[in-house]
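Q: Contents of upload_25.txt (compact mmCIF, C-alpha atoms) are given next:
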```
# COMPACT_ATOMS: atom_id res chain seq x y z
CA MET O 1 2.65 14.76 18.40
CA PRO O 2 4.41 16.28 21.42
CA ALA O 3 6.67 19.13 20.32
CA PHE O 4 9.53 17.99 22.55
CA LEU O 5 10.08 14.68 20.76
CA THR O 6 13.43 14.20 19.05
CA ALA O 7 13.52 13.27 15.36
CA ARG O 8 14.20 9.63 16.23
CA GLU O 9 11.37 9.57 18.77
CA LYS O 10 8.89 11.16 16.37
CA CYS O 11 9.70 8.69 13.59
CA ALA O 12 9.34 5.78 16.02
CA ARG O 13 6.05 7.19 17.24
CA LEU O 14 4.67 7.51 13.71
CA ALA O 15 5.60 3.90 13.01
CA ASP O 16 3.84 2.80 16.19
CA LEU O 17 0.72 4.73 15.20
CA ALA O 18 0.71 3.14 11.73
CA VAL O 19 0.79 -0.32 13.27
CA CYS O 20 -1.89 0.67 15.79
CA ALA O 21 -4.06 1.84 12.88
CA LEU O 22 -3.72 -1.51 11.13
CA ILE O 23 -4.58 -3.36 14.32
CA ALA O 24 -7.55 -1.09 15.05
CA GLU O 25 -8.92 -1.72 11.56
CA SER O 26 -8.46 -5.48 11.91
CA GLU O 27 -10.09 -5.70 15.34
CA LEU O 28 -13.11 -3.52 14.52
CA THR O 29 -16.17 -5.79 14.62
CA PRO O 30 -18.51 -6.46 12.83
CA LYS O 31 -17.22 -5.35 9.43
CA PRO O 32 -19.09 -6.48 6.30
CA ALA O 33 -17.40 -9.64 4.94
CA LEU O 34 -14.00 -8.56 6.28
CA VAL O 35 -11.71 -10.27 8.77
CA ASP O 36 -12.64 -9.21 12.30
CA GLY O 37 -13.19 -10.59 15.79
CA ARG O 38 -15.82 -13.01 14.50
CA GLY O 39 -13.70 -14.74 11.89
CA PRO O 40 -12.24 -14.50 8.36
CA GLY O 41 -15.27 -13.02 6.61
CA ALA O 42 -15.12 -13.83 2.89
CA HIS O 43 -11.40 -14.72 3.08
CA THR O 44 -10.42 -18.36 3.34
CA ASP O 45 -6.70 -17.50 3.51
CA LEU O 46 -6.83 -14.85 6.25
CA SER O 47 -7.33 -14.67 10.00
CA LEU O 48 -7.18 -12.00 12.66
CA ASP O 49 -3.97 -13.51 14.05
CA LEU O 50 -2.35 -13.40 10.60
CA LEU O 51 -3.31 -9.74 10.17
CA MET O 52 -1.82 -8.92 13.56
CA ARG O 53 1.48 -10.61 12.77
CA SER O 54 1.58 -8.95 9.36
CA ALA O 55 0.98 -5.51 10.91
CA GLN O 56 3.78 -5.97 13.44
CA SER O 57 6.18 -7.05 10.69
CA LEU O 58 5.74 -3.67 8.99
CA ARG O 59 6.66 -1.46 11.94
CA ASP O 60 10.38 -1.04 11.21
CA TYR O 61 9.66 -0.23 7.56
CA PHE O 62 7.24 2.53 8.52
CA GLU O 63 9.94 3.95 10.78
CA GLN O 64 12.43 3.84 7.91
CA MET O 65 9.96 5.78 5.76
CA ALA O 66 9.52 8.37 8.48
CA ARG O 67 13.28 8.79 8.94
CA ALA O 68 13.83 9.14 5.20
CA SER O 69 11.17 11.87 5.09
CA PHE O 70 11.85 13.77 8.29
CA CYS O 71 11.74 17.54 7.64
CA ARG O 72 12.29 16.99 3.91
CA PRO O 73 10.14 18.31 1.07
CA PRO O 74 8.57 15.91 -1.44
CA GLY O 75 10.94 15.02 -4.27
CA ARG O 76 11.68 12.27 -6.76
CA ARG O 77 14.68 10.88 -4.85
CA LEU O 78 12.57 10.61 -1.72
CA ARG O 79 9.70 9.04 -3.67
CA GLU O 80 12.05 6.39 -5.01
CA ARG O 81 13.49 5.76 -1.55
CA LEU O 82 9.98 5.27 -0.18
CA GLY O 83 9.21 2.89 -3.03
CA SER O 84 12.29 0.82 -2.21
CA ILE O 85 11.35 0.63 1.48
CA GLY O 86 7.77 -0.22 0.56
CA ARG O 87 8.86 -3.13 -1.62
CA ALA O 88 11.04 -4.43 1.22
CA ALA O 89 8.05 -4.11 3.55
CA GLU O 90 5.91 -6.10 1.14
CA SER O 91 8.56 -8.85 0.96
CA SER O 92 8.62 -8.98 4.77
CA MET O 93 4.83 -9.22 4.85
CA LEU O 94 4.83 -12.10 2.38
CA ARG O 95 7.44 -13.97 4.40
CA VAL O 96 5.39 -13.66 7.57
CA THR O 97 2.16 -14.68 5.83
CA ASN O 98 3.65 -17.43 3.65
CA GLY O 99 2.75 -15.56 0.49
CA THR O 100 -0.67 -14.19 1.44
CA ASN O 101 -1.35 -10.55 0.63
CA THR O 102 -2.57 -9.07 3.89
CA HIS O 103 -1.50 -5.42 3.69
CA ARG O 104 -0.17 -4.50 0.23
CA GLY O 105 -2.68 -1.69 -0.19
CA ALA O 106 -2.17 -0.48 3.37
CA ILE O 107 1.61 -0.32 2.90
CA TRP O 108 1.04 2.05 -0.01
CA ALA O 109 -1.50 4.27 1.76
CA LEU O 110 0.07 4.34 5.22
CA GLY O 111 3.58 4.65 3.83
CA LEU O 112 2.64 7.87 2.06
CA LEU O 113 0.86 9.24 5.12
CA VAL O 114 3.71 8.34 7.47
CA SER O 115 6.14 10.06 5.12
CA SER O 116 4.00 13.18 4.93
CA SER O 117 3.50 13.25 8.70
CA ALA O 118 7.26 13.10 9.26
CA MET O 119 7.83 16.15 7.08
CA GLU O 120 5.78 18.50 9.24
CA SER O 121 3.14 18.22 11.96
CA GLU O 122 -0.08 19.57 10.48
CA SER O 123 -3.79 18.79 10.21
CA PRO O 124 -4.95 15.44 8.80
CA GLU O 125 -6.20 17.25 5.70
CA ALA O 126 -2.80 18.89 5.07
CA ILE O 127 -0.99 15.60 5.66
CA ALA O 128 -3.25 13.80 3.18
CA HIS O 129 -2.81 16.55 0.59
CA ARG O 130 0.99 16.37 0.82
CA ALA O 131 0.84 12.56 0.65
CA GLY O 132 -0.95 13.04 -2.66
CA GLU O 133 1.89 15.22 -3.90
CA ILE O 134 4.36 12.46 -3.03
CA ALA O 135 2.21 9.84 -4.77
CA GLN O 136 2.27 11.87 -8.00
CA LEU O 137 6.06 11.67 -8.23
CA PRO O 138 7.62 8.99 -10.47
CA ASP O 139 9.51 5.96 -9.17
CA ARG O 140 11.86 4.72 -11.88
CA SER O 141 12.52 1.47 -10.01
CA ALA O 142 8.88 0.53 -9.51
CA PRO O 143 8.09 -2.80 -11.19
CA ASN O 144 5.12 -2.88 -13.55
CA THR O 145 3.37 -5.44 -11.38
CA GLU O 146 -0.08 -6.59 -12.44
CA THR O 147 -2.40 -6.78 -9.44
CA ASN O 148 -5.98 -7.91 -9.05
CA GLY O 149 -7.01 -4.34 -8.29
CA LYS O 150 -5.35 -2.97 -11.41
CA ARG O 151 -6.97 -5.60 -13.60
CA ALA O 152 -10.38 -4.91 -12.10
CA GLY O 153 -10.01 -1.15 -12.45
CA ARG O 154 -8.95 -1.47 -16.07
CA ARG O 155 -11.77 -3.88 -16.88
CA TYR O 156 -14.44 -1.56 -15.50
CA ASN O 157 -12.63 1.69 -16.33
CA LEU O 158 -12.57 2.78 -12.69
CA SER O 159 -9.81 4.31 -10.57
CA GLY O 160 -7.98 2.43 -7.82
CA ALA O 161 -5.59 2.86 -4.92
CA ARG O 162 -3.03 4.94 -6.80
CA GLU O 163 -5.61 7.44 -8.00
CA GLU O 164 -7.07 7.73 -4.49
CA ALA O 165 -3.63 8.57 -3.12
CA VAL O 166 -2.76 11.02 -5.91
CA ALA O 167 -6.03 12.86 -5.22
CA GLY O 168 -5.03 13.29 -1.56
CA PHE O 169 -7.20 10.51 -0.12
CA PRO O 170 -10.60 12.20 -0.63
CA HIS O 171 -12.58 9.27 0.79
CA VAL O 172 -10.57 9.56 4.00
CA VAL O 173 -10.62 13.34 4.31
CA SER O 174 -14.11 14.11 3.02
CA ALA O 175 -16.04 11.00 4.11
CA ALA O 176 -14.44 8.82 6.78
CA LEU O 177 -12.89 11.43 9.09
CA PRO O 178 -16.08 13.55 9.19
CA ALA O 179 -18.13 10.42 9.95
CA LEU O 180 -15.74 9.47 12.74
CA ARG O 181 -15.87 12.95 14.25
CA ARG O 182 -19.65 13.18 13.89
CA SER O 183 -20.14 9.89 15.73
CA ARG O 184 -17.97 11.06 18.61
CA TRP O 185 -19.80 14.37 18.72
CA ASN O 186 -23.00 12.33 19.12
CA ASP O 187 -21.41 10.38 22.02
CA GLU O 188 -21.45 7.11 20.09
CA THR O 189 -19.01 4.35 21.00
CA GLU O 190 -15.66 4.01 19.25
CA THR O 191 -16.95 0.82 17.62
CA HIS O 192 -19.91 2.66 16.12
CA ALA O 193 -17.65 5.56 15.11
CA GLY O 194 -15.24 3.24 13.32
CA LEU O 195 -18.01 1.31 11.57
CA ASN O 196 -19.69 4.53 10.47
CA ALA O 197 -16.38 5.74 9.04
CA LEU O 198 -15.99 2.47 7.12
CA LEU O 199 -19.52 2.72 5.73
CA ALA O 200 -18.91 6.32 4.67
CA ILE O 201 -16.02 5.05 2.55
CA MET O 202 -17.93 2.06 1.19
CA ALA O 203 -20.94 4.14 0.16
CA ASP O 204 -18.90 6.01 -2.45
CA LEU O 205 -15.62 4.19 -3.16
CA ASP O 206 -15.17 2.19 -6.37
CA ASP O 207 -13.52 -0.59 -4.38
CA THR O 208 -11.44 -2.67 -6.80
CA CYS O 209 -11.27 -5.53 -4.28
CA LEU O 210 -15.04 -5.88 -4.53
CA LEU O 211 -14.84 -5.58 -8.31
CA HIS O 212 -12.20 -8.28 -8.53
CA ARG O 213 -14.11 -10.79 -6.41
CA GLY O 214 -17.72 -10.04 -7.31
CA GLY O 215 -17.85 -7.59 -10.20
CA LEU O 216 -20.26 -4.70 -10.46
CA ALA O 217 -22.96 -6.63 -8.60
CA ALA O 218 -20.83 -6.81 -5.46
CA LEU O 219 -19.75 -3.17 -5.73
CA THR O 220 -23.35 -2.04 -6.18
CA ALA O 221 -24.53 -4.14 -3.23
CA ALA O 222 -21.79 -2.68 -1.02
CA LYS O 223 -22.51 0.93 -2.01
CA HIS O 224 -26.27 0.63 -1.65
CA GLY O 225 -26.02 -1.35 1.58
CA ALA O 226 -23.61 1.12 3.18
CA ALA O 227 -25.74 4.08 2.09
CA ALA O 228 -28.82 2.42 3.60
CA VAL O 229 -27.11 2.10 6.99
CA ILE O 230 -26.10 5.76 6.88
CA GLU O 231 -29.61 6.85 5.89
CA ALA O 232 -31.01 4.85 8.83
CA GLY O 233 -28.93 6.96 11.21
CA GLY O 234 -25.75 4.86 11.31
CA THR O 235 -24.78 1.75 13.19
CA SER O 236 -25.81 3.05 16.60
CA THR O 237 -29.49 2.84 15.62
CA GLN O 238 -31.38 -0.44 15.78
CA ARG O 239 -32.36 -0.24 12.11
CA GLY O 240 -28.86 0.75 11.06
CA TRP O 241 -27.36 -2.18 12.93
CA GLN O 242 -29.81 -4.59 11.31
CA LEU O 243 -28.95 -3.23 7.87
CA LEU O 244 -25.24 -3.58 8.62
CA LEU O 245 -25.68 -7.26 9.40
CA GLU O 246 -27.79 -7.69 6.25
CA LEU O 247 -25.00 -6.12 4.21
CA ASP O 248 -22.54 -8.51 5.83
CA ARG O 249 -24.68 -11.50 4.83
CA GLU O 250 -25.13 -10.24 1.29
CA LEU O 251 -21.42 -9.71 0.66
CA LEU O 252 -20.63 -13.09 2.20
CA ARG O 253 -23.19 -14.64 -0.15
CA GLN O 254 -21.35 -13.03 -3.05
CA ASN O 255 -18.00 -14.09 -1.57
CA SER O 256 -16.77 -10.51 -1.83
CA SER O 257 -15.21 -8.10 0.64
CA PRO O 258 -14.38 -4.37 0.60
CA GLY O 259 -10.63 -4.70 1.08
CA GLY O 260 -9.87 -1.31 -0.47
CA SER O 261 -12.26 0.35 1.96
CA ALA O 262 -10.52 -1.43 4.83
CA ASP O 263 -7.16 -0.02 3.72
CA LEU O 264 -8.63 3.49 3.70
CA LEU O 265 -10.15 2.91 7.13
CA ALA O 266 -6.66 2.10 8.44
CA ALA O 267 -5.48 5.36 6.83
CA THR O 268 -8.35 7.16 8.57
CA PHE O 269 -7.39 5.72 11.93
CA PHE O 270 -3.76 6.71 11.41
CA LEU O 271 -4.61 10.34 10.63
CA ASP O 272 -6.99 10.41 13.58
CA PHE O 273 -4.29 9.06 15.89
CA VAL O 274 -1.81 11.67 14.64
CA ASP O 275 -4.37 14.44 15.02
CA ARG O 276 -5.25 13.44 18.57
CA SER O 277 -1.55 13.25 19.44
CA LEU O 278 -1.16 16.80 18.14
CA SER O 279 -4.20 18.06 20.02
CA THR O 280 -2.68 17.09 23.37
CA THR O 281 -0.04 19.81 22.90
CA LYS O 282 -2.39 22.56 21.72
```
Taking this structure as input, can you express it in the form of structure tokens?
A:
Amino acid sequence: MPAFLTAREKCARLADLAVCALIAESELTPKPALVDGRGPGAHTDLSLDLLMRSAQSLRDYFEQMARASFCRPPGRRLRERLGSIGRAAESSMLRVTNGTNTHRGAIWALGLLVSSSAMESESPEAIAHRAGEIAQLPDRSAPNTETNGKRAGRRYNLSGAREEAVAGFPHVVSAALPALRRSRWNDETETHAGLNALLAIMADLDDTCLLHRGGLAALTAAKHGAAAVIEAGGTSTQRGWQLLLELDRELLRQNSSPGGSADLLAATFFLDFVDRSLSTTK
């Protein structure tokens, strides 16, 4: 982020980058059983156009989160303010989508990362760690809402989106970002880099979206399929690409999609965008 930006400009820029991250995740093609440039994947109620409109509807709320957090340390009052803005963002999303959940998980993840980024310009790893500190704080106004992900996590005794955030987004920092950087180092295209980052997440994440839609069978298929692509050398290899398409067909057959992994890919893109903005001033 350029050092000469005013507070207002920085907060606006962070909001723009959050929306760009959501759009980049949506447009990345082909993603296994997820909405992309080919179609809705395993989702009968979603489309690429709907995801785009949903992402744009969240921009002002991300900016509000950034302004509330600018140069402030993590604290309970701030955590509760972020929760209030996040719930307003979710209501806006549902109005735009006529009740369809397009970005609930992404609002949670990106909201925390936008807030952390507004506090101080640091490395992606430091931003993610501080976002985890914010996520640990209580929000007395948070409703005890039952979600599909929570039900699935409880049924199979596995962690979900909250635990990923509290831990400082380990699947982003330790898996997706290294895969993204490695692909670029190998002069692979941005499409291959993004897909490899997604697969790095999928290979290890206990994705509660997969669990909700297809149970352990879908989660196992996703993990094994993603690991097979990685072992084949990634999506830039002929074998890796074939295995990616096979994984897509298998998850479509099971009518399941890795929505939690997609949310973390958007978080990965956001941190990468912030990092590259910072590197232009170094």
Q: Restricting the calculation to only C-alpha atoms, which member of O:Ala222, O:Ser26, O:Leu14, O:Gly214 is positioned closest to Gln254 of chain O?
A: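 So, comparing all the options, the nearest one is O:Gly214.
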Q: Report, in Å to a single decimal, how far apart atom CA of Leu198 of chain O and atom CA of Leu265 of chain O are.
A: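 Atom-to-atom, atom CA of Leu265 of chain O and atom CA of Leu198 of chain O are spaced 5.9 Å apart.
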Q: Would you please work out which residue, of O:Ala165, O:Arg182, O:Thr100, O:Cys71, is nearest to Thr44 of chain O when using all atoms listed in the file?
A: O:Thr100
Q: Can you work out which one of O:Ser69, O:Glu188, O:Tyr61, O:Ser277 has the shortest atom-to-atom distance to Leu5 of chain O, counting all atoms listed in the file?
A: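 Comparing O:Ser69, O:Glu188, O:Tyr61, O:Ser277 against Leu5 of chain O, the winner is O:Ser277.
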Q: Write out as a count of residues only the residues lying within 10 Å of Ser141 of chain O, counting only C-alpha atoms and excluding same-chain residues fewer than 4 positions away.
A: 4
Q: Given all atoms listed in the file as the basis, pick out the residue of O:Val166, O:Met202, O:Ala21, O:Leu78 nearest to Ile107 of chain O.
A: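 Closest to Ile107 of chain O, using all atoms listed in the file: O:Ala21.
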Q: I'd like the contact shell of Asp45 of chain O - 10 Å cut-off, all atoms listed in the file, skipping same-chain residues fewer than 3 positions apart - returned as a list in words.
A: Pro40, Ala42, Leu50, Thr97, Thr100, Asn101 and Thr102 of chain O
Q: Could you pull the residues within 12 Å of Leu244 of chain O, counting only C-alpha atoms, minus those fewer than 5 positions along the same chain, as a short mmCIF file (atom, residue, chain, number, x, y, z; two decimals) with C-alpha atoms, in the coordinates of the input?
A:
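As written to disk, result35.cif reads:
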```cif
data_model
loop_
_atom_site.label_atom_id
_atom_site.label_comp_id
_atom_site.auth_asym_id
_atom_site.auth_seq_id
_atom_site.Cartn_x
_atom_site.Cartn_y
_atom_site.Cartn_z
CA THR O 29 -16.17 -5.79 14.62
CA PRO O 30 -18.51 -6.46 12.83
CA LYS O 31 -17.22 -5.35 9.43
CA PRO O 32 -19.09 -6.48 6.30
CA ALA O 33 -17.40 -9.64 4.94
CA HIS O 192 -19.91 2.66 16.12
CA LEU O 195 -18.01 1.31 11.57
CA ASN O 196 -19.69 4.53 10.47
CA LEU O 198 -15.99 2.47 7.12
CA LEU O 199 -19.52 2.72 5.73
CA MET O 202 -17.93 2.06 1.19
CA ALA O 221 -24.53 -4.14 -3.23
CA ALA O 222 -21.79 -2.68 -1.02
CA LYS O 223 -22.51 0.93 -2.01
CA HIS O 224 -26.27 0.63 -1.65
CA GLY O 225 -26.02 -1.35 1.58
CA ALA O 226 -23.61 1.12 3.18
CA ALA O 227 -25.74 4.08 2.09
CA ALA O 228 -28.82 2.42 3.60
CA VAL O 229 -27.11 2.10 6.99
CA ILE O 230 -26.10 5.76 6.88
CA GLU O 231 -29.61 6.85 5.89
CA ALA O 232 -31.01 4.85 8.83
CA GLY O 233 -28.93 6.96 11.21
CA GLY O 234 -25.75 4.86 11.31
CA THR O 235 -24.78 1.75 13.19
CA SER O 236 -25.81 3.05 16.60
CA THR O 237 -29.49 2.84 15.62
CA GLN O 238 -31.38 -0.44 15.78
CA ARG O 239 -32.36 -0.24 12.11
CA ARG O 249 -24.68 -11.50 4.83
CA GLU O 250 -25.13 -10.24 1.29
CA LEU O 251 -21.42 -9.71 0.66
#
```
Q: Taking a cut-off of 9 Å and counting all atoms listed in the file, can you build a table that, for each residue of segment 7-43 of chain O near segment 111-118 of chain O, reports the nearest atom pair and how far apart they are in Å (one decimal), sorted by chain then residue number, as a tab-separated table?
A:
```
residue	atom	partner	partner_atom	distance
O:Ala7	CA	O:Ala118	CA	8.7
O:Lys10	CA	O:Ala118	CA	7.5
O:Cys11	CA	O:Ala118	CA	6.6
O:Leu14	CA	O:Val114	CA	6.4
O:Ala15	CA	O:Val114	CA	7.3
O:Ala18	CA	O:Val114	CA	7.4
```
Q: What would the list of residues within 12 Å of (-18.5, -7.5, -10.4) (file frame) look like as a VMD selection string, if all atoms listed in the file are what count?
A: chain O and resid 152 to 153 155 to 156 206 to 222 251 254 to 257
Q: Restricting the calculation to all atoms listed in the file: of O:Arg38, O:Gly75, O:Ser57, O:Val19, which residue gets closest to Ala266 of chain O?
A: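 Between O:Arg38, O:Gly75, O:Ser57, O:Val19, the residue approaching Ala266 of chain O most closely is O:Val19.
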Q: Here is a test: counting all atoms listed in the file, which residue of O:Gln56, O:Ser92, O:Thr268, O:Ser47 is nearest to Val172 of chain O?
A: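 Looking only at the distances to Val172 of chain O, the closest residue turns out to be O:Thr268.
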